[in-house]
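Structure first, then comments.
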Amino acid sequence: MSCEPGMAVKVDFLWEEQRLAVQIDGPNQPPRGQNEGCADRILEARGYRVLHITEHEVIAEPDRVATLIARELDRAT
């Protein structure tokens with residue numbers, strides 16, 4: 001995949017005003033760091049912070065995940 005600055009990037013959750021993108025990494029995805037490169041670089045170049053959360057974390061620790069996202073959103077205000 002070519003990493004073009006203007007290409008469309010799919011994210012799971014996006015808060016445009018706070019410039020936060022959240023990606024939920026599923027169980028069949030490579031470990032963090034192996035699949036993030038291009039999309040993360042494009043988003044970061046556009047001024048977004050990218051937060052990766054595993055599907056397991058969402059299911060096993062929803063309160064912690066909600067707190068983490070809320071903290072990231074608060075950082076932007």
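Following the order of the structure tokens, chains are lettered A, B, ..., residues in each are numbered from 1, and ligands are numbered from 1.
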When you look at Pro5 of chain A with a cut-off of 12 Å (counting only C-alpha atoms), what residues show up, excluding the ones that are within fewer than 4 positions of it in the same chain? I need them as a PDB file with all heavy atoms, in the first residue's frame.
ATOM      1  N   VAL A   9      -8.363   7.714   4.895  1.00  0.00           N
ATOM      2  CA  VAL A   9      -7.979   6.820   5.976  1.00  0.00           C
ATOM      3  C   VAL A   9      -9.240   6.474   6.760  1.00  0.00           C
ATOM      4  O   VAL A   9     -10.010   7.357   7.126  1.00  0.00           O
ATOM      5  CB  VAL A   9      -6.950   7.494   6.918  1.00  0.00           C
ATOM      6  CG1 VAL A   9      -6.626   6.599   8.088  1.00  0.00           C
ATOM      7  CG2 VAL A   9      -5.686   7.851   6.155  1.00  0.00           C
ATOM      8  N   CYS A  38       1.262   3.450   8.025  1.00  0.00           N
ATOM      9  CA  CYS A  38       0.803   4.397   7.017  1.00  0.00           C
ATOM     10  C   CYS A  38      -0.370   5.232   7.503  1.00  0.00           C
ATOM     11  O   CYS A  38      -0.325   6.465   7.458  1.00  0.00           O
ATOM     12  CB  CYS A  38       0.430   3.650   5.747  1.00  0.00           C
ATOM     13  SG  CYS A  38       0.010   4.734   4.372  1.00  0.00           S
ATOM     14  N   ALA A  39      -1.438   4.616   7.960  1.00  0.00           N
ATOM     15  CA  ALA A  39      -2.622   5.360   8.385  1.00  0.00           C
ATOM     16  C   ALA A  39      -2.287   6.299   9.537  1.00  0.00           C
ATOM     17  O   ALA A  39      -2.720   7.454   9.552  1.00  0.00           O
ATOM     18  CB  ALA A  39      -3.740   4.401   8.775  1.00  0.00           C
ATOM     19  N   ASP A  40      -1.510   5.819  10.501  1.00  0.00           N
ATOM     20  CA  ASP A  40      -1.136   6.660  11.635  1.00  0.00           C
ATOM     21  C   ASP A  40      -0.308   7.855  11.184  1.00  0.00           C
ATOM     22  O   ASP A  40      -0.535   8.979  11.636  1.00  0.00           O
ATOM     23  CB  ASP A  40      -0.358   5.864  12.681  1.00  0.00           C
ATOM     24  CG  ASP A  40      -1.250   4.979  13.532  1.00  0.00           C
ATOM     25  OD1 ASP A  40      -2.455   4.858  13.225  1.00  0.00           O
ATOM     26  OD2 ASP A  40      -0.740   4.395  14.500  1.00  0.00           O
ATOM     27  N   ARG A  41       0.633   7.636  10.286  1.00  0.00           N
ATOM     28  CA  ARG A  41       1.463   8.744   9.798  1.00  0.00           C
ATOM     29  C   ARG A  41       0.615   9.789   9.088  1.00  0.00           C
ATOM     30  O   ARG A  41       0.819  10.989   9.257  1.00  0.00           O
ATOM     31  CB  ARG A  41       2.567   8.223   8.884  1.00  0.00           C
ATOM     32  CG  ARG A  41       3.695   7.539   9.628  1.00  0.00           C
ATOM     33  CD  ARG A  41       4.910   7.316   8.746  1.00  0.00           C
ATOM     34  NE  ARG A  41       4.630   6.620   7.501  1.00  0.00           N
ATOM     35  CZ  ARG A  41       4.595   5.305   7.352  1.00  0.00           C
ATOM     36  NH1 ARG A  41       4.837   4.512   8.384  1.00  0.00           N
ATOM     37  NH2 ARG A  41       4.342   4.753   6.184  1.00  0.00           N
ATOM     38  N   ILE A  42      -0.354   9.348   8.284  1.00  0.00           N
ATOM     39  CA  ILE A  42      -1.221  10.283   7.568  1.00  0.00           C
ATOM     40  C   ILE A  42      -2.063  11.085   8.555  1.00  0.00           C
ATOM     41  O   ILE A  42      -2.158  12.308   8.467  1.00  0.00           O
ATOM     42  CB  ILE A  42      -2.117   9.536   6.556  1.00  0.00           C
ATOM     43  CG1 ILE A  42      -1.253   9.014   5.403  1.00  0.00           C
ATOM     44  CG2 ILE A  42      -3.237  10.433   6.042  1.00  0.00           C
ATOM     45  CD1 ILE A  42      -1.971   8.070   4.474  1.00  0.00           C
ATOM     46  N   LEU A  43      -2.660  10.392   9.523  1.00  0.00           N
ATOM     47  CA  LEU A  43      -3.487  11.085  10.518  1.00  0.00           C
ATOM     48  C   LEU A  43      -2.660  12.072  11.333  1.00  0.00           C
ATOM     49  O   LEU A  43      -3.084  13.207  11.573  1.00  0.00           O
ATOM     50  CB  LEU A  43      -4.168  10.073  11.436  1.00  0.00           C
ATOM     51  CG  LEU A  43      -5.302   9.269  10.795  1.00  0.00           C
ATOM     52  CD1 LEU A  43      -5.643   8.055  11.639  1.00  0.00           C
ATOM     53  CD2 LEU A  43      -6.518  10.158  10.577  1.00  0.00           C
ATOM     54  N   GLU A  44      -1.491  11.648  11.755  1.00  0.00           N
ATOM     55  CA  GLU A  44      -0.630  12.528  12.548  1.00  0.00           C
ATOM     56  C   GLU A  44      -0.185  13.735  11.730  1.00  0.00           C
ATOM     57  O   GLU A  44      -0.103  14.846  12.256  1.00  0.00           O
ATOM     58  CB  GLU A  44       0.546  11.743  13.104  1.00  0.00           C
ATOM     59  CG  GLU A  44       0.101  10.786  14.211  1.00  0.00           C
ATOM     60  CD  GLU A  44       1.136   9.740  14.593  1.00  0.00           C
ATOM     61  OE1 GLU A  44       2.231   9.723  13.972  1.00  0.00           O
ATOM     62  OE2 GLU A  44       0.846   8.950  15.504  1.00  0.00           O
ATOM     63  N   ALA A  45       0.080  13.541  10.450  1.00  0.00           N
ATOM     64  CA  ALA A  45       0.453  14.659   9.580  1.00  0.00           C
ATOM     65  C   ALA A  45      -0.700  15.654   9.441  1.00  0.00           C
ATOM     66  O   ALA A  45      -0.476  16.843   9.215  1.00  0.00           O
ATOM     67  CB  ALA A  45       0.875  14.149   8.199  1.00  0.00           C
ATOM     68  N   ARG A  46      -1.925  15.174   9.622  1.00  0.00           N
ATOM     69  CA  ARG A  46      -3.110  16.038   9.551  1.00  0.00           C
ATOM     70  C   ARG A  46      -3.444  16.648  10.914  1.00  0.00           C
ATOM     71  O   ARG A  46      -4.454  17.319  11.071  1.00  0.00           O
ATOM     72  CB  ARG A  46      -4.302  15.241   9.031  1.00  0.00           C
ATOM     73  CG  ARG A  46      -4.140  14.795   7.595  1.00  0.00           C
ATOM     74  CD  ARG A  46      -5.289  13.939   7.146  1.00  0.00           C
ATOM     75  NE  ARG A  46      -5.049  13.431   5.800  1.00  0.00           N
ATOM     76  CZ  ARG A  46      -5.769  12.487   5.225  1.00  0.00           C
ATOM     77  NH1 ARG A  46      -6.807  11.963   5.847  1.00  0.00           N
ATOM     78  NH2 ARG A  46      -5.468  12.068   4.009  1.00  0.00           N
TER      79      ARG A  46
END
Backbone-only DSSP, alpha helix (DSSP H) members of chain A, as a ChimeraX atom specification: /A:37-45,55-60,62-75
Distance query segment 12-27 of chain A at most 6 Å, only C-alpha atoms, self and fewer than 6 positions along chain excluded, as a PyMOL selection string: chain A and resi 48-55+76
With all heavy atoms kept, could you save the residues just selected as a PDB file, in the first residue's frame?
ATOM      1  N   TYR A  48      -3.830  14.905  13.909  1.00  0.00           N
ATOM      2  CA  TYR A  48      -4.580  14.044  14.827  1.00  0.00           C
ATOM      3  C   TYR A  48      -3.645  13.259  15.736  1.00  0.00           C
ATOM      4  O   TYR A  48      -2.555  12.869  15.331  1.00  0.00           O
ATOM      5  CB  TYR A  48      -5.441  13.030  14.051  1.00  0.00           C
ATOM      6  CG  TYR A  48      -6.642  13.655  13.402  1.00  0.00           C
ATOM      7  CD1 TYR A  48      -6.580  14.157  12.115  1.00  0.00           C
ATOM      8  CD2 TYR A  48      -7.846  13.755  14.093  1.00  0.00           C
ATOM      9  CE1 TYR A  48      -7.682  14.735  11.518  1.00  0.00           C
ATOM     10  CE2 TYR A  48      -8.960  14.328  13.505  1.00  0.00           C
ATOM     11  CZ  TYR A  48      -8.872  14.821  12.215  1.00  0.00           C
ATOM     12  OH  TYR A  48      -9.958  15.406  11.626  1.00  0.00           O
ATOM     13  N   ARG A  49      -4.109  13.034  16.963  1.00  0.00           N
ATOM     14  CA  ARG A  49      -3.475  12.053  17.835  1.00  0.00           C
ATOM     15  C   ARG A  49      -4.208  10.748  17.571  1.00  0.00           C
ATOM     16  O   ARG A  49      -5.433  10.741  17.413  1.00  0.00           O
ATOM     17  CB  ARG A  49      -3.619  12.444  19.309  1.00  0.00           C
ATOM     18  CG  ARG A  49      -2.742  13.626  19.685  1.00  0.00           C
ATOM     19  CD  ARG A  49      -3.011  14.149  21.075  1.00  0.00           C
ATOM     20  NE  ARG A  49      -4.338  14.780  21.095  1.00  0.00           N
ATOM     21  CZ  ARG A  49      -5.341  14.405  21.878  1.00  0.00           C
ATOM     22  NH1 ARG A  49      -5.191  13.451  22.750  1.00  0.00           N
ATOM     23  NH2 ARG A  49      -6.513  15.013  21.816  1.00  0.00           N
ATOM     24  N   VAL A  50      -3.476   9.652  17.514  1.00  0.00           N
ATOM     25  CA  VAL A  50      -4.076   8.358  17.227  1.00  0.00           C
ATOM     26  C   VAL A  50      -3.928   7.467  18.453  1.00  0.00           C
ATOM     27  O   VAL A  50      -2.823   7.286  18.965  1.00  0.00           O
ATOM     28  CB  VAL A  50      -3.419   7.683  15.996  1.00  0.00           C
ATOM     29  CG1 VAL A  50      -4.094   6.353  15.695  1.00  0.00           C
ATOM     30  CG2 VAL A  50      -3.476   8.606  14.786  1.00  0.00           C
ATOM     31  N   LEU A  51      -5.050   6.940  18.901  1.00  0.00           N
ATOM     32  CA  LEU A  51      -5.072   6.065  20.059  1.00  0.00           C
ATOM     33  C   LEU A  51      -5.513   4.681  19.601  1.00  0.00           C
ATOM     34  O   LEU A  51      -6.573   4.543  18.978  1.00  0.00           O
ATOM     35  CB  LEU A  51      -6.049   6.628  21.101  1.00  0.00           C
ATOM     36  CG  LEU A  51      -6.226   5.886  22.402  1.00  0.00           C
ATOM     37  CD1 LEU A  51      -4.910   5.822  23.178  1.00  0.00           C
ATOM     38  CD2 LEU A  51      -7.302   6.566  23.244  1.00  0.00           C
ATOM     39  N   HIS A  52      -4.702   3.670  19.888  1.00  0.00           N
ATOM     40  CA  HIS A  52      -5.041   2.289  19.552  1.00  0.00           C
ATOM     41  C   HIS A  52      -5.494   1.570  20.811  1.00  0.00           C
ATOM     42  O   HIS A  52      -4.806   1.615  21.841  1.00  0.00           O
ATOM     43  CB  HIS A  52      -3.838   1.556  18.953  1.00  0.00           C
ATOM     44  CG  HIS A  52      -3.573   1.937  17.538  1.00  0.00           C
ATOM     45  ND1 HIS A  52      -4.053   1.207  16.472  1.00  0.00           N
ATOM     46  CD2 HIS A  52      -2.914   2.995  17.010  1.00  0.00           C
ATOM     47  CE1 HIS A  52      -3.681   1.789  15.353  1.00  0.00           C
ATOM     48  NE2 HIS A  52      -2.989   2.882  15.656  1.00  0.00           N
ATOM     49  N   ILE A  53      -6.632   0.914  20.699  1.00  0.00           N
ATOM     50  CA  ILE A  53      -7.192   0.142  21.806  1.00  0.00           C
ATOM     51  C   ILE A  53      -7.569  -1.223  21.246  1.00  0.00           C
ATOM     52  O   ILE A  53      -8.140  -1.298  20.154  1.00  0.00           O
ATOM     53  CB  ILE A  53      -8.439   0.840  22.385  1.00  0.00           C
ATOM     54  CG1 ILE A  53      -8.079   2.239  22.875  1.00  0.00           C
ATOM     55  CG2 ILE A  53      -9.063   0.008  23.505  1.00  0.00           C
ATOM     56  CD1 ILE A  53      -9.270   3.088  23.246  1.00  0.00           C
ATOM     57  N   THR A  54      -7.272  -2.280  21.987  1.00  0.00           N
ATOM     58  CA  THR A  54      -7.631  -3.604  21.490  1.00  0.00           C
ATOM     59  C   THR A  54      -9.095  -3.914  21.785  1.00  0.00           C
ATOM     60  O   THR A  54      -9.683  -3.395  22.743  1.00  0.00           O
ATOM     61  CB  THR A  54      -6.761  -4.712  22.113  1.00  0.00           C
ATOM     62  OG1 THR A  54      -7.046  -4.798  23.510  1.00  0.00           O
ATOM     63  CG2 THR A  54      -5.281  -4.467  21.870  1.00  0.00           C
ATOM     64  N   GLU A  55      -9.663  -4.761  20.958  1.00  0.00           N
ATOM     65  CA  GLU A  55     -11.035  -5.213  21.176  1.00  0.00           C
ATOM     66  C   GLU A  55     -11.154  -5.862  22.559  1.00  0.00           C
ATOM     67  O   GLU A  55     -12.138  -5.658  23.267  1.00  0.00           O
ATOM     68  CB  GLU A  55     -11.416  -6.206  20.084  1.00  0.00           C
ATOM     69  CG  GLU A  55     -12.825  -6.722  20.171  1.00  0.00           C
ATOM     70  CD  GLU A  55     -13.136  -7.706  19.061  1.00  0.00           C
ATOM     71  OE1 GLU A  55     -12.638  -7.536  17.929  1.00  0.00           O
ATOM     72  OE2 GLU A  55     -13.890  -8.645  19.332  1.00  0.00           O
ATOM     73  N   ALA A  76      -7.271  17.908  24.739  1.00  0.00           N
ATOM     74  CA  ALA A  76      -7.423  18.742  23.549  1.00  0.00           C
ATOM     75  C   ALA A  76      -8.150  20.044  23.819  1.00  0.00           C
ATOM     76  O   ALA A  76      -8.182  20.916  22.957  1.00  0.00           O
ATOM     77  CB  ALA A  76      -8.173  17.952  22.465  1.00  0.00           C
TER      78      ALA A  76
END
